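Encoded as structure tokens, the structure appears first; notes follow it.
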Amino acid sequence: MHSKTHLFRSAAFAAMGALVLTSCGGGGGGGGGTPTPTPTPTPTPTPTTVYTPPAAEALTTVDVERVLAQAISEAQARSLPSVIAVTDRVGNVLGVFRMTGARATATTAPAPNGVNIDAQNVTFPAEGGAIAKAVTGAYLSSGGNAFSTRTASQIVQEHFPPAPTTVGLESGPLFGVQFSQLPCSDLSARFGAPGAAALIGPKRSPLGLAADPGGLPLYKNGVLVGGIGVMGDGVYGSDANILDIDNDPEEFIALAGTRGFEAPSTITADKITVDGTSLRFSDATFAGVMSSGGASFASLNGTAGSLVAVIGYANAAVTAGVAYGSEASGIRASTAAEFSNRDAFVLTNGSGTNRYPLRAGTDGATNSAPLTQAEARAVLEEAFTVMSRARAQIRRPLDSRAQVTISIVDTHGAVLGIVRSPDAPIFGTDVSLQKARTAAFFSGAQAGTELGANASADVRQFVTATRTFLNNPAALTGTIAFSDRANGNLSRPYFPDGEVGRPNGPLSRPIAQFNPFSTGLQSALIIGNLGAHLGFVSGASPTDTPARCTTLPDVAAGQNRLQNGIQIFPGSVPIYRGNQLVGAIGVSGDGIDQDDMISFLGAHNGGARVGGIGNAPKAIRSDNVVVNVGAGVRLRYISCPFAPFLDTANQNVCDGL
């Protein structure tokens, strides 16, 4: 299983690498009753603050060595030589240690039916798995929630929660998030990129986000500072049954590494519920740790193994992390000139320049009425205001404010602005952009044409499947406004979502083929990029994947519409000028209903403020589409929380809009 001959599992994979429910009325949120009146748009935000930014903390080289030494000692006690990686909060790899005798490779889970495609049953360098796990622990967490790769496993599978007794329930709330932070993403920074400072984040992950237990966040004085990931058993999969308690050596090794840097117990995932289900954090406990943690790194380095370089990610050295929120971290507080709300954070190039400043649409060649800079500003500012009033789903203490990243794009997928709250999880940065681009792409007139002309027959067949499934030959030609919630409906291995025995959605794999490494169109679009990157990391190829996902045609020089891939869980809506698509907004970082509401009300309120733009006309929204699978099933558009705001008891705030 672990031989080098399996690095590229099959000729098919290598070839691809070369090629590459019912709706709430009016698209509104949960619950019935009389819709509340249309909310009055909030005024332009005033220079006040409601969030407290995280304190400036970072891992020192001594801290990184301590984390590594503690994990190495536990691996020795368990006789499981492992590869151990430590990152900071923005994904900089601070050290990778390969123990003597550790497996050289790891392999993703195979297809249930044995016909492996996409990233199923792929063998890759073990360092890639360790880094992906560390990145996941850091990126999914914040000052208000501590999530792990075990948490990720729970929320990305075909049923939530995943267990033999839950078959028939809907898929995980972050179904598909594993295909974010991709190595081809144009948003994610790269280690050693020409002209770039080494520690500017957020960085990419070799494999996207991980769902294999063994990745945990690291905290220092209660502040999130990074993550640790362990790859030792050679199996890179997920936990299909949360009803039992696993004895997972990788998770114990990672937990031992967090000693002194453990997540605050008040915010670990098991203190957070989603739809009445408690999330999972770690099956390993400190009571089960076998090592004392007293060994020094100096005594282990060179005897138990050694630090190793990882192509594209790290030198063979220990590096100090950077404090999140600093210019050097790549994410910092905005200036008044960049964004009016003084709570807003932006992405920076490390030299003071906002990477994604507010600007007008770039799509004038194909769009007769592009978004103006003032319109983009209004939508982002209004969405930010909705966020700051909203009650969080995944943060503790209860009644915390939601914290997310918000992205706006034009019809070409070009970024017109990205803004985030001070403590929003890092993963939502790339995901919010994926969501915005996905909504704009699938709502556009060119979606079917661009997918249908792809060099991959696998990608092309999703167009035919969608039109057949919807019984609509005009689907994917701009006649339907698709939100990411609607795309998610079509991207599940059961339709309706979770109902066993039903057909798969047309953008998904059939359930006999499906696992988290092969989701359908989402994975098919980027498998060539992933294959090229893993060849680069392994040293088998001198060429990395470009910083642009998919092989869609360019709409401008060096720019396609899906530069960081697509996303298939809720939190985005397209933006229209009358009946004309002009862009989209994407939101990520909290509960999916909160993400939906912030995007939907942001577009509505922003449009009401400046006039002329707003949400899609009701007549073309995806919740008008009824799929005849037995009884008719209506696609969704958005779903908003029932009573979402901290400053008012208003209910059903999206209804009627």
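In the structure tokens, the first chain shown is A, the next is B, and so on; residue numbers restart at 1 for each chain, and ligands run from 1 in the order shown.
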
Near Val500 in chain A, counting only C-alpha atoms, which residues have an atom at most 6 Å away, once you skip same-chain residues fewer than 2 positions from it, shown as a PDB file with all heavy atoms, in the first residue's frame?
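Written file, around_36.pdb:
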ATOM      1  N   GLY A 168     -30.097   8.444   7.067  1.00  0.00           N
ATOM      2  CA  GLY A 168     -31.373   9.097   6.781  1.00  0.00           C
ATOM      3  C   GLY A 168     -31.396  10.548   7.177  1.00  0.00           C
ATOM      4  O   GLY A 168     -32.296  11.282   6.777  1.00  0.00           O
ATOM      5  N   GLY A 498     -29.764  13.218   2.406  1.00  0.00           N
ATOM      6  CA  GLY A 498     -29.794  12.271   3.510  1.00  0.00           C
ATOM      7  C   GLY A 498     -30.788  11.143   3.374  1.00  0.00           C
ATOM      8  O   GLY A 498     -30.683  10.150   4.100  1.00  0.00           O
ATOM      9  N   ARG A 502     -32.725   7.257  -2.180  1.00  0.00           N
ATOM     10  CA  ARG A 502     -32.997   8.247  -3.221  1.00  0.00           C
ATOM     11  C   ARG A 502     -31.796   8.355  -4.160  1.00  0.00           C
ATOM     12  O   ARG A 502     -30.681   7.955  -3.819  1.00  0.00           O
ATOM     13  CB  ARG A 502     -33.258   9.613  -2.589  1.00  0.00           C
ATOM     14  CG  ARG A 502     -34.463   9.650  -1.676  1.00  0.00           C
ATOM     15  CD  ARG A 502     -35.757   9.676  -2.473  1.00  0.00           C
ATOM     16  NE  ARG A 502     -36.896  10.006  -1.622  1.00  0.00           N
ATOM     17  CZ  ARG A 502     -38.052  10.464  -2.079  1.00  0.00           C
ATOM     18  NH1 ARG A 502     -38.221  10.640  -3.384  1.00  0.00           N
ATOM     19  NH2 ARG A 502     -39.023  10.744  -1.254  1.00  0.00           N
TER      20      ARG A 502
END

Counting only C-alpha atoms, which residues of range 74-100 of chain A fall within 8 Å of range 225-241 of chain A, and what is the closest atom pair for each with its distance in Å at one decimal, ordered by chain and rising number, as a tab-separated table?
residue	atom	partner	partner_atom	distance
A:Leu80	CA	A:Gly232	CA	6.3
A:Pro81	CA	A:Gly232	CA	6.2
A:Ser82	CA	A:Gly232	CA	4.1
A:Val83	CA	A:Met231	CA	5.3
A:Ile84	CA	A:Val230	CA	4.7
A:Ala85	CA	A:Gly229	CA	5.2
A:Val86	CA	A:Ile228	CA	4.6
A:Thr87	CA	A:Gly226	CA	5.2
A:Asp88	CA	A:Gly226	CA	3.7
A:Arg89	CA	A:Gly226	CA	4.1
A:Val90	CA	A:Gly226	CA	7.5
A:Gly91	CA	A:Gly226	CA	7.5

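Among the candidates A:Gly95, A:Gly444, A:Gly589, A:Pro161, the one nearest to Ala314 in chain A when counting only C-alpha atoms is A:Gly95.
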
Phe442 in chain A environment, 7 Å, only C-alpha atoms, sequence neighbours closer than 4 positions dropped, as a list in words: Thr438, Ala447, Leu476 and Phe482 of chain A

Which polymer residues have any atom within 10 Å of an atom of Pro503 in chain A, counting only C-alpha atoms, with same-chain residues fewer than 4 positions away left out, as number ranges by chain? A: 469, 492-497, 499, 508-511, 629

Give me the residues near Ser299 in chain A as number ranges by chain, where near means some atom within 12 Å (using only C-alpha atoms) and where sequence neighbours in that chain fewer than 5 positions away do not count. A: 65-66, 68-70, 72-73, 294, 304-306

For the selection just defined, write its residues with C-alpha atoms to a file, as a short mmCIF file (atom, residue, chain, number, x, y, z; two decimals), in the first residue's frame.
data_model
loop_
_atom_site.label_atom_id
_atom_site.label_comp_id
_atom_site.auth_asym_id
_atom_site.auth_seq_id
_atom_site.Cartn_x
_atom_site.Cartn_y
_atom_site.Cartn_z
CA GLU A 65 10.39 22.58 20.19
CA ARG A 66 8.42 21.82 23.36
CA LEU A 68 7.39 18.61 19.10
CA ALA A 69 9.28 17.00 21.99
CA GLN A 70 6.08 16.19 23.87
CA ILE A 72 7.73 12.67 19.96
CA SER A 73 7.87 11.26 23.49
CA GLY A 294 9.78 15.98 30.27
CA ALA A 304 14.60 9.91 17.69
CA GLY A 305 14.61 11.35 14.18
CA SER A 306 15.19 14.76 12.67
#

All helix (DSSP H, G or I) positions in range 145-238 of chain A, as a ChimeraX atom specification: /A:149-155,164-166,177-179

Step one, run DSSP on the backbone; step two, keep only residues of range 324-441 of chain A assigned to strand (DSSP E or B); then write them as a PyMOL selection string. chain A and resi 325+331-333+345-348+354+390-391+401+405-409+415-420

Pick out the residues sitting within 8 Å of Val318 in chain A, and hand them over as a PyMOL selection string; count only C-alpha atoms, and ignore anything fewer than 4 positions along from it in its own chain. chain A and resi 61+64-65+94-96+307

With N, CA and C atoms retained, write the just-selected residues as a tab-separated table (two decimals), in the first residue's frame.
chain	number	residue	atom	x	y	z
A	61	THR	N	10.33	29.74	19.07
A	61	THR	CA	11.03	28.50	18.69
A	61	THR	C	11.09	27.54	19.86
A	64	VAL	N	7.72	25.80	20.00
A	64	VAL	CA	7.58	24.79	18.94
A	64	VAL	C	8.38	23.54	19.30
A	65	GLU	N	9.58	23.73	19.79
A	65	GLU	CA	10.39	22.58	20.19
A	65	GLU	C	9.74	21.80	21.32
A	94	LEU	N	5.94	25.66	11.05
A	94	LEU	CA	7.02	26.07	11.96
A	94	LEU	C	8.01	24.96	12.24
A	95	GLY	N	7.68	23.76	11.83
A	95	GLY	CA	8.59	22.64	12.03
A	95	GLY	C	7.92	21.33	11.65
A	96	VAL	N	8.67	20.46	10.97
A	96	VAL	CA	8.19	19.12	10.64
A	96	VAL	C	9.26	18.14	11.07
A	307	LEU	N	14.43	16.94	12.06
A	307	LEU	CA	13.64	17.90	11.31
A	307	LEU	C	13.85	17.68	9.82

With the cut-off set at 9 Å and counting only C-alpha atoms, tabulate each residue of range 162-266 of chain A with an atom at most that distance from an atom of range 520-532 of chain A, showing the nearest atom pair and its distance in Å to one decimal, ordered by chain and increasing number, as a Markdown table.
| residue | atom | partner | partner_atom | distance |
| --- | --- | --- | --- | --- |
| A:Gly176 | CA | A:Gln522 | CA | 7.9 |
| A:Phe179 | CA | A:Ser523 | CA | 7.2 |
| A:Leu182 | CA | A:Leu530 | CA | 7.9 |
| A:Pro183 | CA | A:Leu530 | CA | 7.0 |
| A:Cys184 | CA | A:Asn529 | CA | 6.3 |
| A:Pro206 | CA | A:Leu530 | CA | 8.1 |
| A:Leu207 | CA | A:Leu530 | CA | 7.4 |
